[in-house]
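Printed here is start.txt (compact mmCIF, C-alpha atoms and all ligand atoms):
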```
# COMPACT_ATOMS: atom_id res chain seq x y z
CA MET A 47 115.33 139.22 214.06
CA SER A 48 118.78 140.09 212.76
CA SER A 49 120.45 142.54 215.14
CA PRO A 50 123.22 141.19 217.40
CA GLY A 51 122.00 139.96 220.76
CA MET A 52 118.42 139.96 219.56
CA THR A 53 115.46 138.92 221.65
CA ALA A 54 112.24 137.67 220.12
CA THR A 55 109.11 135.98 221.32
CA ILE A 56 107.79 133.32 219.01
CA GLY A 57 104.58 131.68 220.14
CA ASP A 58 105.14 130.79 223.77
CA SER A 59 108.92 130.79 223.47
CA ARG A 60 111.27 133.66 224.21
CA ILE A 61 114.42 133.50 222.12
CA LEU A 62 117.62 135.24 223.12
CA MET A 63 120.46 135.17 220.67
CA GLY A 64 124.09 136.21 221.04
CA ASN A 65 126.02 136.07 224.29
CA SER A 66 122.97 134.69 226.00
CA PHE A 67 124.03 131.82 228.27
CA ASN A 68 125.32 134.20 230.93
CA ARG A 69 121.81 135.68 231.11
CA LEU A 70 120.37 132.43 232.45
CA PRO A 71 120.46 133.59 236.11
CA GLU A 72 118.39 136.64 235.08
CA LEU A 73 115.67 134.33 233.77
CA VAL A 74 115.61 131.67 236.47
CA SER A 75 116.79 131.76 240.05
CA LYS A 76 119.70 129.38 240.48
CA ASP A 77 118.15 127.71 243.54
CA ASN A 78 115.07 126.78 241.55
CA LEU A 79 116.93 125.39 238.59
CA VAL A 80 118.20 121.95 237.56
CA VAL A 81 120.13 121.48 234.33
CA VAL A 82 120.09 118.36 232.17
CA THR A 83 123.09 117.99 229.89
CA ASP A 84 125.09 115.14 228.37
CA LYS A 85 128.48 113.71 229.30
CA ILE A 86 130.41 115.49 226.53
CA VAL A 87 128.83 118.92 226.96
CA GLY A 88 128.83 118.55 230.77
CA ASP A 89 132.58 117.88 230.77
CA LEU A 90 133.44 120.57 228.22
CA TYR A 91 131.45 123.21 230.10
CA LYS A 92 131.93 122.08 233.69
CA ASP A 93 133.26 125.51 234.72
CA GLN A 94 130.19 127.30 233.37
CA LEU A 95 127.98 124.73 235.12
CA ALA A 96 129.82 124.87 238.44
CA ASP A 97 127.13 127.07 240.03
CA PHE A 98 124.22 124.89 238.97
CA ARG A 99 122.75 121.54 239.98
CA PHE A 100 123.01 119.29 236.93
CA ILE A 101 122.69 115.72 235.66
CA LYS A 102 124.63 114.29 232.70
CA ILE A 103 122.90 111.78 230.44
CA GLY A 104 124.60 109.51 227.89
CA THR A 105 125.32 110.56 224.31
CA GLY A 106 124.14 108.93 221.08
CA GLU A 107 120.68 107.82 219.95
CA ARG A 108 120.90 104.70 222.13
CA SER A 109 120.62 107.00 225.14
CA LYS A 110 117.41 108.55 223.88
CA THR A 111 115.18 106.16 225.80
CA LEU A 112 112.52 105.98 228.48
CA ARG A 113 115.19 104.48 230.75
CA THR A 114 117.18 107.71 230.48
CA VAL A 115 114.02 109.69 231.22
CA GLU A 116 113.43 107.52 234.30
CA GLY A 117 116.97 108.33 235.47
CA ILE A 118 116.16 112.02 235.11
CA TYR A 119 112.90 111.64 237.08
CA GLU A 120 114.86 109.89 239.84
CA TYR A 121 117.37 112.73 239.88
CA PHE A 122 114.48 115.22 240.11
CA LEU A 123 113.11 113.33 243.11
CA GLU A 124 116.50 113.31 244.86
CA GLN A 125 116.84 117.04 244.21
CA LYS A 126 113.29 117.66 245.49
CA VAL A 127 112.28 119.15 242.15
CA ASP A 128 108.61 120.14 242.30
CA ARG A 129 106.08 122.21 240.37
CA THR A 130 107.84 125.41 241.40
CA SER A 131 111.13 124.24 239.89
CA TYR A 132 112.61 124.96 236.50
CA VAL A 133 114.47 122.58 234.18
CA VAL A 134 116.97 123.62 231.52
CA GLY A 135 118.22 121.28 228.79
CA LEU A 136 121.76 122.25 227.77
CA GLY A 137 123.11 120.31 224.81
CA GLY A 138 122.30 119.13 221.31
CA GLY A 139 118.93 118.01 220.02
CA LEU A 140 119.12 114.76 221.90
CA VAL A 141 119.39 116.54 225.25
CA THR A 142 116.69 119.08 224.44
CA ASP A 143 114.27 116.39 223.16
CA VAL A 144 114.78 114.23 226.26
CA THR A 145 114.74 117.14 228.71
CA GLY A 146 111.57 118.63 227.25
CA PHE A 147 109.86 115.25 227.52
CA ALA A 148 111.04 114.61 231.09
CA ALA A 149 110.05 118.11 232.25
CA SER A 150 106.65 117.97 230.53
CA THR A 151 105.70 114.67 232.12
CA TYR A 152 107.26 114.90 235.62
CA MET A 153 104.47 115.86 238.05
CA ARG A 154 102.28 116.40 234.97
CA GLY A 155 104.61 119.05 233.69
CA ILE A 156 107.04 121.58 235.12
CA ARG A 157 108.55 124.66 233.49
CA PHE A 158 111.48 124.26 231.13
CA GLY A 159 113.77 126.11 228.72
CA PHE A 160 116.66 125.17 226.45
CA VAL A 161 120.24 126.14 225.76
CA PRO A 162 120.97 124.40 222.43
CA THR A 163 124.69 123.81 221.88
CA THR A 164 124.82 122.33 218.36
CA LEU A 165 124.00 124.23 215.18
CA LEU A 166 121.32 121.66 214.41
CA SER A 167 119.61 122.19 217.74
CA GLN A 168 119.94 125.98 217.45
CA VAL A 169 118.23 126.12 214.06
CA ASP A 170 115.87 123.20 214.42
CA ALA A 171 115.58 120.79 217.34
CA SER A 172 115.21 123.19 220.25
CA LEU A 173 112.25 125.05 218.77
CA GLY A 174 108.89 123.79 217.64
CA GLY A 175 107.92 121.90 220.77
CA LYS A 176 108.52 118.29 219.71
CA ASN A 177 110.04 116.43 222.63
CA GLY A 178 110.46 112.72 223.04
CA VAL A 179 112.47 109.52 222.97
CA ASN A 180 113.04 106.48 220.77
CA LEU A 181 111.47 103.07 221.31
CA ARG A 182 113.22 99.87 220.19
CA GLY A 183 115.35 101.89 217.81
CA LEU A 184 112.33 103.63 216.25
CA LYS A 185 112.98 107.35 216.31
CA ASN A 186 110.89 109.64 218.46
CA MET A 187 108.05 107.12 218.92
CA ILE A 188 107.16 108.42 222.37
CA GLY A 189 106.69 112.11 222.80
CA ILE A 190 104.67 115.22 223.35
CA ILE A 191 104.40 118.65 221.81
CA LYS A 192 105.16 121.44 224.25
CA GLN A 193 107.10 124.62 223.56
CA PRO A 194 110.05 125.59 225.77
CA GLU A 195 109.52 128.86 227.67
CA PHE A 196 112.84 130.17 226.44
CA CYS A 197 115.70 129.29 224.20
CA LEU A 198 119.14 130.82 224.69
CA ILE A 199 121.03 130.59 221.43
CA ASP A 200 124.66 131.26 222.24
CA PHE A 201 127.10 130.81 219.36
CA ASN A 202 130.07 130.52 221.73
CA PHE A 203 129.12 126.86 222.22
CA LEU A 204 129.77 126.19 218.55
CA ASN A 205 133.51 126.80 219.03
CA THR A 206 133.91 123.35 220.57
CA LEU A 207 131.59 121.60 218.13
CA PRO A 208 133.33 119.33 215.57
CA ARG A 209 133.15 120.81 212.04
CA GLU A 210 131.22 117.75 210.89
CA GLN A 211 128.40 118.79 213.22
CA ILE A 212 128.44 122.37 211.92
CA ILE A 213 128.15 121.03 208.38
CA SER A 214 125.33 118.72 209.48
CA GLY A 215 123.40 121.66 210.97
CA MET A 216 123.85 123.63 207.76
CA ALA A 217 121.71 121.07 205.95
CA GLU A 218 118.71 122.26 207.99
CA VAL A 219 119.51 125.86 207.10
CA VAL A 220 119.58 125.02 203.39
CA LYS A 221 116.33 123.11 203.88
CA CYS A 222 114.62 126.15 205.40
CA GLY A 223 115.79 128.33 202.52
CA ALA A 224 114.76 125.78 199.91
CA ILE A 225 111.24 125.26 201.26
CA SER A 226 110.27 128.83 201.99
CA ASP A 227 112.94 131.51 202.03
CA LYS A 228 114.74 132.18 198.76
CA ASN A 229 116.66 135.08 200.34
CA LEU A 230 118.06 132.77 202.99
CA PHE A 231 119.12 130.28 200.31
CA GLU A 232 120.87 133.04 198.36
CA TYR A 233 122.49 134.42 201.51
CA VAL A 234 124.03 131.00 202.19
CA GLU A 235 125.21 130.83 198.57
CA ILE A 236 127.01 134.15 199.00
CA ASN A 237 128.33 133.66 202.55
CA CYS A 238 128.80 129.91 202.81
CA GLU A 239 132.50 129.86 203.80
CA GLU A 240 132.20 132.60 206.43
CA ILE A 241 129.19 130.91 207.99
CA LEU A 242 131.13 127.64 208.23
CA ASP A 243 133.97 129.58 209.85
CA LEU A 244 131.45 130.73 212.47
CA ASN A 245 131.39 134.42 211.57
CA GLU A 246 128.99 135.58 214.27
CA SER A 247 126.92 138.15 212.40
CA LYS A 248 126.48 135.84 209.39
CA LEU A 249 125.59 132.98 211.68
CA GLU A 250 123.08 135.13 213.47
CA HIS A 251 121.47 136.04 210.17
CA VAL A 252 121.10 132.46 208.98
CA VAL A 253 120.06 131.04 212.35
CA SER A 254 117.41 133.69 212.93
CA SER A 255 116.12 133.28 209.36
CA ALA A 256 115.95 129.50 209.68
CA ILE A 257 114.15 129.81 213.02
CA ALA A 258 111.70 132.25 211.44
CA VAL A 259 110.92 129.72 208.69
CA LYS A 260 110.40 126.92 211.18
CA MET A 261 108.29 128.92 213.60
CA ASN A 262 106.15 130.36 210.81
CA VAL A 263 105.29 126.85 209.73
CA VAL A 264 104.81 125.61 213.31
CA ARG A 265 102.52 128.53 214.13
CA GLN A 266 100.24 127.51 211.26
CA ASP A 267 100.27 123.82 212.13
CA GLU A 268 101.69 122.90 215.51
CA MET A 269 100.26 119.37 215.45
CA GLU A 270 101.66 118.47 211.98
CA LYS A 271 98.38 118.00 210.13
CA GLY A 272 99.62 119.65 206.92
CA GLU A 273 101.87 122.69 206.62
CA ARG A 274 104.39 121.48 209.21
CA MET A 275 105.16 118.50 207.00
CA LYS A 276 107.08 120.88 204.75
CA LEU A 277 109.86 120.85 207.33
CA ASN A 278 110.32 117.21 206.34
CA PHE A 279 111.84 118.19 202.99
CA GLY A 280 114.67 115.70 202.41
CA HIS A 281 113.70 113.77 205.52
CA THR A 282 111.55 110.93 204.14
CA LEU A 283 114.65 109.51 202.53
CA GLY A 284 117.07 111.18 204.91
CA HIS A 285 115.76 109.28 207.93
CA ALA A 286 116.05 105.98 206.05
CA ILE A 287 119.63 106.77 204.95
CA GLU A 288 120.52 107.82 208.49
CA LYS A 289 119.17 104.55 209.82
CA VAL A 290 120.96 102.36 207.27
CA THR A 291 124.34 104.13 207.16
CA GLY A 292 124.60 105.85 210.55
CA ILE A 293 125.88 109.07 208.94
CA PRO A 294 125.01 112.33 210.76
CA HIS A 295 121.45 113.55 210.38
CA GLY A 296 122.22 116.57 208.18
CA TYR A 297 124.40 114.49 205.86
CA ALA A 298 121.56 112.03 205.32
CA VAL A 299 119.05 114.86 204.87
CA SER A 300 121.35 116.40 202.26
CA VAL A 301 121.16 113.26 200.13
CA GLY A 302 117.39 113.16 200.74
CA MET A 303 117.09 116.78 199.58
CA VAL A 304 118.99 115.97 196.39
CA ALA A 305 116.65 113.05 195.66
CA ALA A 306 113.56 115.17 196.39
CA SER A 307 114.90 118.05 194.28
CA ARG A 308 115.58 115.73 191.34
CA LEU A 309 112.07 114.33 191.70
CA SER A 310 110.75 117.91 191.72
CA ASN A 311 112.70 118.52 188.51
CA ALA A 312 111.36 115.30 186.94
CA LYS A 313 107.79 116.39 187.79
CA GLY A 314 108.38 119.75 186.10
CA LEU A 315 108.21 121.74 189.34
CA LEU A 316 111.86 122.75 189.67
CA GLY A 317 114.03 124.11 186.86
CA ARG A 318 117.31 122.43 185.92
CA ASP A 319 119.31 125.54 186.89
CA GLU A 320 117.73 125.61 190.35
CA LEU A 321 118.38 121.91 190.83
CA ASP A 322 122.04 122.51 189.95
CA ARG A 323 122.24 125.39 192.43
CA ILE A 324 120.92 123.20 195.23
CA GLU A 325 123.39 120.40 194.53
CA GLU A 326 126.24 122.88 194.11
CA LEU A 327 125.51 124.60 197.43
CA LEU A 328 125.31 121.33 199.34
CA LYS A 329 128.68 120.27 197.89
CA ARG A 330 130.30 123.59 198.77
CA ILE A 331 129.13 123.20 202.36
CA GLY A 332 130.77 119.77 202.43
CA LEU A 333 127.53 117.79 202.43
CA PRO A 334 127.12 114.62 200.36
CA THR A 335 124.84 114.51 197.31
CA ARG A 336 125.03 110.72 196.99
CA ILE A 337 125.71 107.86 199.34
CA ASP A 338 127.27 104.44 199.33
CA ALA A 339 124.25 102.38 200.45
CA ASP A 340 122.12 99.48 199.28
CA VAL A 341 118.98 100.72 197.49
CA GLU A 342 116.76 97.92 198.83
CA GLU A 343 117.96 98.46 202.37
CA VAL A 344 117.23 102.18 202.20
CA PHE A 345 113.85 101.53 200.60
CA GLY A 346 113.02 98.96 203.30
CA ALA A 347 114.05 101.36 206.07
CA MET A 348 111.86 104.04 204.55
CA SER A 349 108.85 101.75 204.39
CA SER A 350 109.17 100.92 208.08
CA ASP A 351 109.19 104.61 209.00
CA LYS A 352 106.16 105.52 211.12
CA LYS A 353 105.09 108.18 208.62
CA SER A 354 104.93 105.80 205.69
CA ALA A 355 102.03 103.45 204.94
CA GLY A 356 100.48 102.02 201.74
CA ASP A 357 101.79 102.26 198.14
CA SER A 358 102.50 105.94 198.24
CA VAL A 359 104.07 108.47 200.55
CA ASN A 360 103.68 112.17 201.10
CA MET A 361 106.84 113.87 199.92
CA ILE A 362 107.81 117.48 200.08
CA LEU A 363 108.82 118.68 196.64
CA LEU A 364 110.07 122.09 195.54
CA ASN A 365 108.09 124.44 193.39
CA GLY A 366 111.19 126.48 192.70
CA ILE A 367 113.71 127.47 195.37
CA GLY A 368 111.84 129.03 198.28
CA ASN A 369 108.55 127.27 197.56
CA SER A 370 107.41 123.81 198.53
CA ALA A 371 104.40 121.57 198.19
CA ILE A 372 103.18 118.32 199.70
CA VAL A 373 102.87 115.80 196.88
CA ARG A 374 101.70 112.17 196.98
CA ILE A 375 104.40 110.03 195.36
CA GLN A 376 104.16 106.38 194.35
CA LYS A 377 106.73 104.32 196.21
CA GLU A 378 108.03 103.02 192.88
CA ASP A 379 108.94 106.59 191.85
CA LEU A 380 110.61 106.97 195.17
CA ARG A 381 112.61 103.77 194.63
CA LYS A 382 113.89 105.23 191.35
CA SER A 383 114.92 108.41 193.05
CA ILE A 384 116.75 106.38 195.71
CA GLU A 385 118.62 104.58 192.92
CA GLY A 386 119.71 107.97 191.64
CA VAL A 387 121.50 108.90 194.89
CA CYS A 388 122.85 105.51 196.01
CA THR A 389 126.08 104.06 194.65
N1 LIG B 1 112.53 118.18 218.31
C1 LIG B 1 112.77 118.42 217.05
O1 LIG B 1 112.02 119.12 216.36
C2 LIG B 1 113.99 117.83 216.42
C3 LIG B 1 114.42 118.26 215.16
C4 LIG B 1 115.60 117.75 214.63
C5 LIG B 1 116.32 116.82 215.35
N2 LIG B 1 115.88 116.40 216.58
C6 LIG B 1 116.64 115.42 217.36
O2 LIG B 1 117.89 115.98 217.68
C7 LIG B 1 118.84 114.93 217.83
C8 LIG B 1 120.07 115.32 217.05
O3 LIG B 1 120.55 116.53 217.56
P1 LIG B 1 122.07 116.99 217.35
O4 LIG B 1 122.44 116.90 215.94
O5 LIG B 1 122.19 118.29 218.05
O6 LIG B 1 122.88 115.81 218.03
P2 LIG B 1 123.28 115.43 219.53
O7 LIG B 1 122.43 116.10 220.54
O8 LIG B 1 123.35 113.95 219.57
O9 LIG B 1 124.74 116.05 219.61
C9 LIG B 1 125.75 115.59 218.74
C10 LIG B 1 127.07 115.39 219.50
O10 LIG B 1 127.64 116.67 219.76
C11 LIG B 1 127.98 116.78 221.14
N3 LIG B 1 127.88 118.21 221.46
C12 LIG B 1 126.77 118.94 221.66
N4 LIG B 1 127.08 120.23 221.82
C13 LIG B 1 128.43 120.32 221.73
C14 LIG B 1 129.35 121.39 221.79
N5 LIG B 1 128.94 122.65 221.93
N6 LIG B 1 130.68 121.11 221.66
C15 LIG B 1 131.09 119.84 221.44
N7 LIG B 1 130.28 118.78 221.36
C16 LIG B 1 128.95 119.03 221.50
C17 LIG B 1 127.00 115.89 221.83
O11 LIG B 1 127.51 115.49 223.09
C18 LIG B 1 126.89 114.74 220.86
O12 LIG B 1 127.95 113.83 221.05
C19 LIG B 1 118.20 113.67 217.34
O13 LIG B 1 117.85 112.87 218.45
C20 LIG B 1 116.95 114.17 216.61
O14 LIG B 1 115.89 113.24 216.66
C21 LIG B 1 114.75 116.89 217.11
ZN ZN B 2 116.19 117.31 210.42
```

Using structure tokens, write down the structure from this file.
Amino acid sequence: MSSPGMTATIGDSRILMGNSFNRLPELVSKDNLVVVTDKIVGDLYKDQLADFRFIKIGTGERSKTLRTVEGIYEYFLEQKVDRTSYVVGLGGGLVTDVTGFAASTYMRGIRFGFVPTTLLSQVDASLGGKNGVNLRGLKNMIGIIKQPEFCLIDFNFLNTLPREQIISGMAEVVKCGAISDKNLFEYVEINCEEILDLNESKLEHVVSSAIAVKMNVVRQDEMEKGERMKLNFGHTLGHAIEKVTGIPHGYAVSVGMVAASRLSNAKGLLGRDELDRIEELLKRIGLPTRIDADVEEVFGAMSSDKKSAGDSVNMILLNGIGNSAIVRIQKEDLRKSIEGVCT
């Protein structure tokens, strides 16, 4: 999956990478298509969207609601969208999550594909089939699992993306390397600066490798009964930090990965040198390794997470870089590891 302009089929999803957005009319007839985007992406790319029917939803997690989905259904009705129509979500992970959910539930499900426009959505959110919305501030409480028919990964969109968002997306790339692809981790160590400067061939290498990691795991365990949980490396804590501090997802996951890596080291699973390499790489990318947050608040937010019940939690720890395991951790151990990354 590493040649420029590559095409791959993973599970039910066809992935086109490179200069792929202009191939949309080849895949879906324009008359049949409605696009869902958000206000920022819709305004930035209004010229490219001029030929299409489209709706713009709000930005930010507060827009990721059933109310927004209802607005999309109403737009579909006005546009006479039916089971022969096709929906495309063009935007970051918020847009693709909401669009996939709306398309999969409208008239019991119509066809859909994605054009992810953030690095995070290109490497993570747009693939794997999880679609949904938040409920009362609880993330992704309502949702379904359905794979998009296609995903057009076009790096041109990243040129307008704030650098902070590129850095945030890189956290997921490091995660994929850390949990199951040592070569990817080492590639990022060697090429970090050029990737951040959006060198296309380097980007293509890391994005396709990260997608391969994710889809390998998803193929084994689409419904998240076991293996898929490995993609949550850094996320148990990351989600709690994100909730408490409001920092971008990847930044919070970075701190979560540091805590989980240190725990892996404390349990004798990860060598000191490998722990140092992980922290060093995250810092070079511009990601935080600690955070100014109240330990109790983070711990409380973690305990209210839907995936956490009882005295212990399942955590993903590293068995060396490129290897991961699901380990049951006492919440008290977790509290200590939170103390280690909070100032
Ligand atoms: N389904 C999954 O498996 C999965 C995985 C990870 C994250 N997610 C979800 O993804 C969401 C986060 O996604 P995200 O990080 O892409 O954030 P996002 O979709 O909120 O986008 C971040 C910001 O960037 C803007 N933007 C998007 N593309 C742009 C571009 N090309 N140029 C300039 N601005 C652009 C957006 O308008 C938004 O303001 C969360 O809701 C999260 O729950 C889902
Ligand atoms: Zn994530």

Centre, edges in Å (one decimal): axis-aligned box, ligand LIG 1 (chain B), 3 Å padding on all six sides, as JSON:
```
{"center_x": 121.6, "center_y": 117.8, "center_z": 218.9, "size_x": 25.1, "size_y": 15.8, "size_z": 14.5}
```

Within 12 Å of segment 153-176 of chain A, which residues of segment 269-361 of chain A come that close, and what is the closest atom pair and distance in Å for each? Count only C-alpha atoms and give it as JSON lines.
```
{"residue": "A:Met269", "atom": "CA", "partner": "A:Lys176", "partner_atom": "CA", "distance": 9.4}
{"residue": "A:Glu270", "atom": "CA", "partner": "A:Lys176", "partner_atom": "CA", "distance": 10.3}
{"residue": "A:Arg274", "atom": "CA", "partner": "A:Gly174", "partner_atom": "CA", "distance": 9.8}
{"residue": "A:Leu277", "atom": "CA", "partner": "A:Asp170", "partner_atom": "CA", "distance": 9.6}
{"residue": "A:Asn278", "atom": "CA", "partner": "A:Asp170", "partner_atom": "CA", "distance": 11.5}
{"residue": "A:Pro294", "atom": "CA", "partner": "A:Leu166", "partner_atom": "CA", "distance": 10.7}
{"residue": "A:His295", "atom": "CA", "partner": "A:Leu166", "partner_atom": "CA", "distance": 9.1}
{"residue": "A:Gly296", "atom": "CA", "partner": "A:Leu166", "partner_atom": "CA", "distance": 8.1}
{"residue": "A:Tyr297", "atom": "CA", "partner": "A:Leu166", "partner_atom": "CA", "distance": 11.6}
{"residue": "A:Val299", "atom": "CA", "partner": "A:Leu166", "partner_atom": "CA", "distance": 11.9}
```

Selected residues written out, C-alpha atoms, as a PDB file, in the coordinates of the input:
```
ATOM      1  CA  MET A 269     100.260 119.370 215.450  1.00  0.00           C
ATOM      2  CA  GLU A 270     101.660 118.470 211.980  1.00  0.00           C
ATOM      3  CA  ARG A 274     104.390 121.480 209.210  1.00  0.00           C
ATOM      4  CA  LEU A 277     109.860 120.850 207.330  1.00  0.00           C
ATOM      5  CA  ASN A 278     110.320 117.210 206.340  1.00  0.00           C
ATOM      6  CA  PRO A 294     125.010 112.330 210.760  1.00  0.00           C
ATOM      7  CA  HIS A 295     121.450 113.550 210.380  1.00  0.00           C
ATOM      8  CA  GLY A 296     122.220 116.570 208.180  1.00  0.00           C
ATOM      9  CA  TYR A 297     124.400 114.490 205.860  1.00  0.00           C
ATOM     10  CA  VAL A 299     119.050 114.860 204.870  1.00  0.00           C
TER      11      VAL A 299
END
```

- Item | For Lys248 of chain A: contacts at 10 Å, all atoms listed in the file, fewer than 6 positions along chain excluded, given as a list in words | Ser48, Tyr233, Val234, Asn237, Cys238, Glu240, Ile241, Leu242 and Ser254 of chain A

Given the selection you just returned, output its residues as a file containing C-alpha atoms, formatted as a tab-separated table (two decimals), in the coordinates of the input.
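Saved result, out.tsv, follows:
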```tsv
chain	number	residue	atom	x	y	z
A	48	SER	CA	118.78	140.09	212.76
A	233	TYR	CA	122.49	134.42	201.51
A	234	VAL	CA	124.03	131.00	202.19
A	237	ASN	CA	128.33	133.66	202.55
A	238	CYS	CA	128.80	129.91	202.81
A	240	GLU	CA	132.20	132.60	206.43
A	241	ILE	CA	129.19	130.91	207.99
A	242	LEU	CA	131.13	127.64	208.23
A	254	SER	CA	117.41	133.69	212.93
```

- Task: Would you kindly return, as a VMD selection string, each protein, DNA or RNA residue with an atom no farther than 7 Å from any atom of segment 359-371 of chain A, considering all atoms listed in the file and excluding same-chain residues fewer than 4 positions away?
- Result: chain A and resid 223 to 228 276 278 to 279 282 306 to 307 310 315 to 317 320 354 to 355 375 to 377

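Comparing A:Asn229, A:Thr291, A:Thr83, A:Ser214 by their smallest distance to ligand ZN 2 (chain B), the closest is A:Ser214 (using only C-alpha atoms and all ligand atoms).
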
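Here the question is which of A:Val81, A:Tyr121, A:Gly183, A:Tyr152 gets nearest to ligand LIG 1 (chain B) using all atoms listed in the file, and that residue is A:Gly183.
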
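With distances restricted to all atoms listed in the file, A:Glu326 is the closest residue to Glu235 of chain A from A:Gln94, A:Glu326, A:Asp200, A:Lys271.
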
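For the residues A:Leu95, A:Leu244, A:Ile337, A:Met303, ranking by smallest atom-to-atom distance to Leu79 of chain A using all atoms listed in the file places A:Leu95 first.
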